[in-house]
Amino acid sequence: MSHPKIICQNVWKLYGPEPKKFLAAHGGHPDLATIKENGYISAVRDASLEVYEGEIVVLMGLSGSGKSTLVRCMSRLIDATAGDIEFDGQDLLVATEAEMIELRRHKMGMVFQHFALFPHRTVAENVAFPLEVQGVDRETRHARALEIIELVGLEGRGDYFPRELSGGQQQRVGIGRSLAVEPDVWFLDEPFSALDPLIRREMQDEFLRLQSTLHKTIVFITHDFDEAIRLADRIAIMHDGLIEQLGTAEDLITDPATDYVAAFTRDVPRSKLLRVRTLMGPVSADAEGEVDGQAKVAAVARQVLNAPGPVRVVEDGEVVGSVTGAQVTEALFADD
């Protein structure tokens, strides 16, 4: 596995009078009832996670769960009350404001739901703006802007103004602007939630295409589980500021760590998440045909259900087990 790009350990963000003293007075780990009784608001509670290089970690939760606050702590747009946050081995909580400005300018890209394009600047000028802030010369930043405009699928629209673009196209400009500095880490806070469903799906496709090319380390916030399933390597589910569970979508469905996670994922279609290897049994001598162990159950259900008996499960050219129609049926209809 690649090395961690971001490490958060026991991060707290409390709002109220002298929150550091309050935490210290309660051993650094007050429970939620104590926090509320004392008039504090717990935006983030004791959050720990690692984000690995090239990985997409999606933060999920209902409104007020703390996901946006945690991302803002990661980028030090707000200061955590307690805990440790490292970025490439650098302790962000002791970094000076000047050091943080440099990190944000050169190593962090950020895209928010409301991406605030400059209406009086063209697409190219909007995309190039972070480079202008860095002091990059006009010719260089314009050339870079045109490269990015092509990358995000807006070739030929560099001279357009935001008002001449659709909502999805405007969001692409916002994404392009965040990529101008070639960031090491990309923070995206519900970037597609304001788009209609068809455009949202197109933007998810575009995002995955960009990631396959750029291999960025990404922290992505959404409240949409379908979106999380499509995009995430791992998903963190947050509730009342606490990370209830961090794992793959399949982990969350098959082995929820808490009742809250179980309830949160209850309506997610299992067949779209579960891999064949999760269902399979031992190798069967009378198995016929084969399916990929990493394939989703929904993708191979017809083949397995139509087979006269068990079907071999293969990974990397080796038979690793077998799967039956009964196992697939159970996965398809377990929630009915």
# chains A, B, ... in the order shown; residues from 1 in each chain; ligands from 1
$ residues_around --residues "Val261 in chain A" --least-positions-apart "4" --cutoff "9 Å" --atoms "only C-alpha atoms" --output "PyMOL selection string"
chain A and resi 237-238+244-245+252-253+256-257+265-266
$ atom_distance --atom1 "CA of Lys67 in chain A" --atom2 "CA of Arg234 in chain A"
14.5 Å
$ closest_atom_pairs --of "range 64-104 of chain A" --to "range 22-27 of chain A" --cutoff "12 Å" --atoms "only C-alpha atoms" --output "CSV"
residue,atom,partner,partner_atom,distance
A:Thr81,CA,A:Leu23,CA,8.7
A:Ala82,CA,A:Leu23,CA,8.3
A:Gly83,CA,A:Leu23,CA,11.0
$ write_last_selection --atoms "N, CA and C atoms" --output "PDB file, in the first residue's frame"
ATOM      1  N   THR A  81      -9.609  22.015  17.556  1.00  0.00           N
ATOM      2  CA  THR A  81      -9.471  22.281  18.982  1.00  0.00           C
ATOM      3  C   THR A  81      -8.376  21.423  19.596  1.00  0.00           C
ATOM      4  N   ALA A  82      -8.269  20.187  19.134  1.00  0.00           N
ATOM      5  CA  ALA A  82      -7.264  19.259  19.659  1.00  0.00           C
ATOM      6  C   ALA A  82      -7.014  18.177  18.622  1.00  0.00           C
ATOM      7  N   GLY A  83      -5.926  17.434  18.842  1.00  0.00           N
ATOM      8  CA  GLY A  83      -5.586  16.341  17.942  1.00  0.00           C
ATOM      9  C   GLY A  83      -4.346  16.644  17.133  1.00  0.00           C
TER      10      GLY A  83
END
$ residues_around --residues "range 150-154 of chain A" --least-positions-apart "6" --cutoff "9 Å" --atoms "only C-alpha atoms" --output "list in words"
Gln169, Arg172, Val173, Ile175, Gly176, Glu206, Phe207 and Leu210 of chain A
$ residues_around --residues "Gln204 in chain A" --least-positions-apart "4" --cutoff "9 Å" --atoms "only C-alpha atoms" --output "VMD selection string"
chain A and resid 192 199 to 200 208 to 209 227 230 to 231
$ write_last_selection --atoms "C-alpha atoms" --output "short mmCIF file (atom, residue, chain, number, x, y, z; two decimals), in the first residue's frame"
data_model
loop_
_atom_site.label_atom_id
_atom_site.label_comp_id
_atom_site.auth_asym_id
_atom_site.auth_seq_id
_atom_site.Cartn_x
_atom_site.Cartn_y
_atom_site.Cartn_z
CA PHE A 192 -22.01 18.01 -7.77
CA ILE A 199 -25.45 16.34 -15.37
CA ARG A 200 -24.40 14.98 -11.98
CA LEU A 208 -13.43 9.26 -12.62
CA ARG A 209 -11.82 9.91 -16.01
CA GLU A 227 -22.25 8.71 -5.59
CA ARG A 230 -19.20 5.02 -7.66
CA LEU A 231 -16.27 7.16 -6.56
#
$ closest_residue --among "A:Leu274, A:Leu70, A:Ile148, A:Ile221" --to "Gly174 in chain A" --atoms "only C-alpha atoms"
A:Ile148
$ residues_around --residues "range 14-18 of chain A" --least-positions-apart "2" --cutoff "6 Å" --atoms "only C-alpha atoms" --output "short mmCIF file (atom, residue, chain, number, x, y, z; two decimals) with C-alpha atoms, in the first residue's frame"
data_model
loop_
_atom_site.label_atom_id
_atom_site.label_comp_id
_atom_site.auth_asym_id
_atom_site.auth_seq_id
_atom_site.Cartn_x
_atom_site.Cartn_y
_atom_site.Cartn_z
CA LYS A 20 -9.40 23.44 25.00
CA LYS A 21 -9.86 23.84 28.76
CA TYR A 40 -20.75 23.10 23.60
CA ILE A 41 -21.30 22.12 19.98
CA SER A 42 -19.19 19.19 18.82
CA ALA A 43 -18.53 19.59 15.10
#
$ residues_around --residues "Ala95 in chain A" --least-positions-apart "6" --cutoff "10 Å" --atoms "only C-alpha atoms" --output "list in words"
Arg76, Ile101 and Leu103 of chain A
$ write_last_selection --atoms "N, CA and C atoms" --output "tab-separated table (two decimals), in the first residue's frame"
chain	number	residue	atom	x	y	z
A	76	ARG	N	-6.72	23.25	7.34
A	76	ARG	CA	-6.52	24.35	8.29
A	76	ARG	C	-7.23	25.62	7.87
A	101	ILE	N	-0.55	29.11	3.84
A	101	ILE	CA	-0.89	29.77	2.57
A	101	ILE	C	-0.10	29.14	1.43
A	103	LEU	N	1.15	26.08	1.35
A	103	LEU	CA	0.63	24.73	1.12
A	103	LEU	C	-0.65	24.77	0.30
$ closest_residue --among "A:Val291, A:Val314, A:Ala331, A:Ala194" --to "Pro269 in chain A" --atoms "only C-alpha atoms"
A:Ala331
$ atom_distance --atom1 "CA of Ala80 in chain A" --atom2 "CA of Val181 in chain A"
25.6 Å
$ select_by_dssp --residues "range 122-175 of chain A" --states "helix (DSSP H, G or I)" --output "PyMOL selection string"
chain A and resi 123-134+138-151+162-164+167-175
$ write_last_selection --atoms "C-alpha atoms" --output "short mmCIF file (atom, residue, chain, number, x, y, z; two decimals), in the first residue's frame"
data_model
loop_
_atom_site.label_atom_id
_atom_site.label_comp_id
_atom_site.auth_asym_id
_atom_site.auth_seq_id
_atom_site.Cartn_x
_atom_site.Cartn_y
_atom_site.Cartn_z
CA VAL A 123 -13.01 30.60 -18.52
CA ALA A 124 -9.27 30.71 -19.17
CA GLU A 125 -8.79 33.61 -16.76
CA ASN A 126 -10.80 31.83 -14.07
CA VAL A 127 -8.77 28.65 -14.47
CA ALA A 128 -5.50 30.59 -14.44
CA PHE A 129 -6.37 32.66 -11.38
CA PRO A 130 -4.49 30.48 -8.82
CA LEU A 131 -1.37 30.77 -10.97
CA GLU A 132 -1.83 34.53 -11.11
CA VAL A 133 -1.90 34.56 -7.31
CA GLN A 134 1.36 32.60 -7.33
CA ARG A 138 0.85 35.66 -18.06
CA GLU A 139 2.04 33.53 -20.98
CA THR A 140 2.83 30.51 -18.84
CA ARG A 141 -0.42 30.60 -16.90
CA HIS A 142 -2.48 31.03 -20.08
CA ALA A 143 -0.80 28.01 -21.66
CA ARG A 144 -1.43 25.97 -18.52
CA ALA A 145 -5.06 27.12 -18.42
CA LEU A 146 -5.63 25.92 -21.99
CA GLU A 147 -4.18 22.50 -21.10
CA ILE A 148 -6.53 22.21 -18.14
CA ILE A 149 -9.54 23.42 -20.13
CA GLU A 150 -8.93 20.58 -22.57
CA LEU A 151 -8.42 18.14 -19.68
CA PRO A 162 -19.34 31.91 -16.94
CA ARG A 163 -22.82 33.22 -17.85
CA GLU A 164 -22.43 31.59 -21.28
CA GLY A 167 -24.22 24.55 -14.71
CA GLY A 168 -22.19 21.43 -15.45
CA GLN A 169 -19.75 23.39 -17.58
CA GLN A 170 -19.34 25.99 -14.84
CA GLN A 171 -18.55 23.21 -12.39
CA ARG A 172 -15.89 21.93 -14.78
CA VAL A 173 -14.32 25.39 -14.70
CA GLY A 174 -14.29 25.24 -10.90
CA ILE A 175 -12.65 21.82 -11.03
#
$ residues_around --residues "Asp84 in chain A" --least-positions-apart "3" --cutoff "10 Å" --atoms "only C-alpha atoms" --output "list of chain:residue names"
A:Ile7, A:Cys8, A:Gln9, A:Asn10, A:Val11, A:Trp12, A:Ala47, A:Ser48, A:Met74, A:Ala80, A:Thr81, A:Asp91, A:Leu92, A:Leu93, A:Val94
$ closest_residue --among "A:Asp31, A:Glu250, A:Asp233, A:Asp196" --to "Lys296 in chain A" --atoms "only C-alpha atoms"
A:Glu250
$ select_by_dssp --residues "range 51-226 of chain A" --states "strand (DSSP E or B)" --output "VMD selection string"
chain A and resid 51 to 52 56 to 60 82 to 87 90 to 91 108 to 112 185 to 189 217 to 221
$ atom_distance --atom1 "CA of Val297 in chain A" --atom2 "CA of Ser271 in chain A"
5.2 Å
$ closest_residue --among "A:Leu332, A:Arg312, A:Glu155, A:Glu99" --to "Ala299 in chain A" --atoms "only C-alpha atoms"
A:Leu332
$ decode --residues "range 150-225 of chain A" --atoms "C-alpha atoms" --output "PDB file, in the first residue's frame"
ATOM      1  CA  GLU A 150      -8.926  20.584 -22.565  1.00  0.00           C
ATOM      2  CA  LEU A 151      -8.417  18.136 -19.682  1.00  0.00           C
ATOM      3  CA  VAL A 152     -11.822  18.941 -18.160  1.00  0.00           C
ATOM      4  CA  GLY A 153     -13.622  18.738 -21.485  1.00  0.00           C
ATOM      5  CA  LEU A 154     -14.098  22.437 -22.258  1.00  0.00           C
ATOM      6  CA  GLU A 155     -11.790  22.768 -25.256  1.00  0.00           C
ATOM      7  CA  GLY A 156     -12.694  25.801 -27.354  1.00  0.00           C
ATOM      8  CA  ARG A 157     -14.482  27.591 -24.522  1.00  0.00           C
ATOM      9  CA  GLY A 158     -11.508  29.425 -23.031  1.00  0.00           C
ATOM     10  CA  ASP A 159     -12.852  32.815 -24.136  1.00  0.00           C
ATOM     11  CA  TYR A 160     -16.382  32.202 -22.844  1.00  0.00           C
ATOM     12  CA  PHE A 161     -17.683  33.923 -19.735  1.00  0.00           C
ATOM     13  CA  PRO A 162     -19.340  31.908 -16.941  1.00  0.00           C
ATOM     14  CA  ARG A 163     -22.820  33.225 -17.846  1.00  0.00           C
ATOM     15  CA  GLU A 164     -22.432  31.590 -21.278  1.00  0.00           C
ATOM     16  CA  LEU A 165     -21.946  28.117 -19.771  1.00  0.00           C
ATOM     17  CA  SER A 166     -24.329  25.503 -18.386  1.00  0.00           C
ATOM     18  CA  GLY A 167     -24.218  24.545 -14.710  1.00  0.00           C
ATOM     19  CA  GLY A 168     -22.193  21.426 -15.454  1.00  0.00           C
ATOM     20  CA  GLN A 169     -19.748  23.395 -17.584  1.00  0.00           C
ATOM     21  CA  GLN A 170     -19.343  25.985 -14.840  1.00  0.00           C
ATOM     22  CA  GLN A 171     -18.545  23.212 -12.389  1.00  0.00           C
ATOM     23  CA  ARG A 172     -15.885  21.929 -14.780  1.00  0.00           C
ATOM     24  CA  VAL A 173     -14.319  25.388 -14.702  1.00  0.00           C
ATOM     25  CA  GLY A 174     -14.290  25.237 -10.905  1.00  0.00           C
ATOM     26  CA  ILE A 175     -12.647  21.823 -11.035  1.00  0.00           C
ATOM     27  CA  GLY A 176     -10.145  23.071 -13.600  1.00  0.00           C
ATOM     28  CA  ARG A 177      -9.272  26.060 -11.455  1.00  0.00           C
ATOM     29  CA  SER A 178      -8.537  23.772  -8.503  1.00  0.00           C
ATOM     30  CA  LEU A 179      -6.207  21.698 -10.701  1.00  0.00           C
ATOM     31  CA  ALA A 180      -4.211  24.668 -11.996  1.00  0.00           C
ATOM     32  CA  VAL A 181      -1.629  24.416  -9.209  1.00  0.00           C
ATOM     33  CA  GLU A 182      -1.251  20.641  -9.762  1.00  0.00           C
ATOM     34  CA  PRO A 183      -2.207  19.886  -6.148  1.00  0.00           C
ATOM     35  CA  ASP A 184      -0.980  16.855  -4.240  1.00  0.00           C
ATOM     36  CA  VAL A 185      -4.321  16.584  -2.438  1.00  0.00           C
ATOM     37  CA  TRP A 186      -7.746  17.492  -3.758  1.00  0.00           C
ATOM     38  CA  PHE A 187     -10.567  18.413  -1.350  1.00  0.00           C
ATOM     39  CA  LEU A 188     -14.070  18.355  -2.851  1.00  0.00           C
ATOM     40  CA  ASP A 189     -17.063  19.351  -0.739  1.00  0.00           C
ATOM     41  CA  GLU A 190     -20.306  18.181  -2.402  1.00  0.00           C
ATOM     42  CA  PRO A 191     -19.156  19.566  -5.766  1.00  0.00           C
ATOM     43  CA  PHE A 192     -22.009  18.014  -7.768  1.00  0.00           C
ATOM     44  CA  SER A 193     -24.947  18.328  -5.371  1.00  0.00           C
ATOM     45  CA  ALA A 194     -26.395  21.445  -7.026  1.00  0.00           C
ATOM     46  CA  LEU A 195     -26.536  19.773 -10.461  1.00  0.00           C
ATOM     47  CA  ASP A 196     -29.506  17.944 -11.917  1.00  0.00           C
ATOM     48  CA  PRO A 197     -29.258  14.116 -11.930  1.00  0.00           C
ATOM     49  CA  LEU A 198     -28.161  13.683 -15.566  1.00  0.00           C
ATOM     50  CA  ILE A 199     -25.445  16.335 -15.367  1.00  0.00           C
ATOM     51  CA  ARG A 200     -24.400  14.984 -11.984  1.00  0.00           C
ATOM     52  CA  ARG A 201     -23.875  11.544 -13.486  1.00  0.00           C
ATOM     53  CA  GLU A 202     -21.839  13.062 -16.331  1.00  0.00           C
ATOM     54  CA  MET A 203     -19.691  14.940 -13.827  1.00  0.00           C
ATOM     55  CA  GLN A 204     -19.077  11.753 -11.850  1.00  0.00           C
ATOM     56  CA  ASP A 205     -17.938  10.081 -15.077  1.00  0.00           C
ATOM     57  CA  GLU A 206     -15.709  13.056 -15.807  1.00  0.00           C
ATOM     58  CA  PHE A 207     -14.297  12.946 -12.288  1.00  0.00           C
ATOM     59  CA  LEU A 208     -13.427   9.257 -12.624  1.00  0.00           C
ATOM     60  CA  ARG A 209     -11.822   9.913 -16.006  1.00  0.00           C
ATOM     61  CA  LEU A 210      -9.706  12.692 -14.532  1.00  0.00           C
ATOM     62  CA  GLN A 211      -8.678  10.497 -11.605  1.00  0.00           C
ATOM     63  CA  SER A 212      -7.622   7.684 -13.922  1.00  0.00           C
ATOM     64  CA  THR A 213      -5.304  10.195 -15.608  1.00  0.00           C
ATOM     65  CA  LEU A 214      -4.118  12.255 -12.631  1.00  0.00           C
ATOM     66  CA  HIS A 215      -4.086   9.743  -9.730  1.00  0.00           C
ATOM     67  CA  LYS A 216      -4.719  12.434  -7.117  1.00  0.00           C
ATOM     68  CA  THR A 217      -5.163  11.905  -3.392  1.00  0.00           C
ATOM     69  CA  ILE A 218      -8.772  12.942  -2.841  1.00  0.00           C
ATOM     70  CA  VAL A 219     -11.084  13.648   0.068  1.00  0.00           C
ATOM     71  CA  PHE A 220     -14.619  13.911  -1.311  1.00  0.00           C
ATOM     72  CA  ILE A 221     -17.723  14.891   0.650  1.00  0.00           C
ATOM     73  CA  THR A 222     -21.186  13.733  -0.360  1.00  0.00           C
ATOM     74  CA  HIS A 223     -24.485  12.783   1.261  1.00  0.00           C
ATOM     75  CA  ASP A 224     -25.394  10.521  -1.697  1.00  0.00           C
ATOM     76  CA  PHE A 225     -24.507   6.855  -1.152  1.00  0.00           C
TER      77      PHE A 225
END
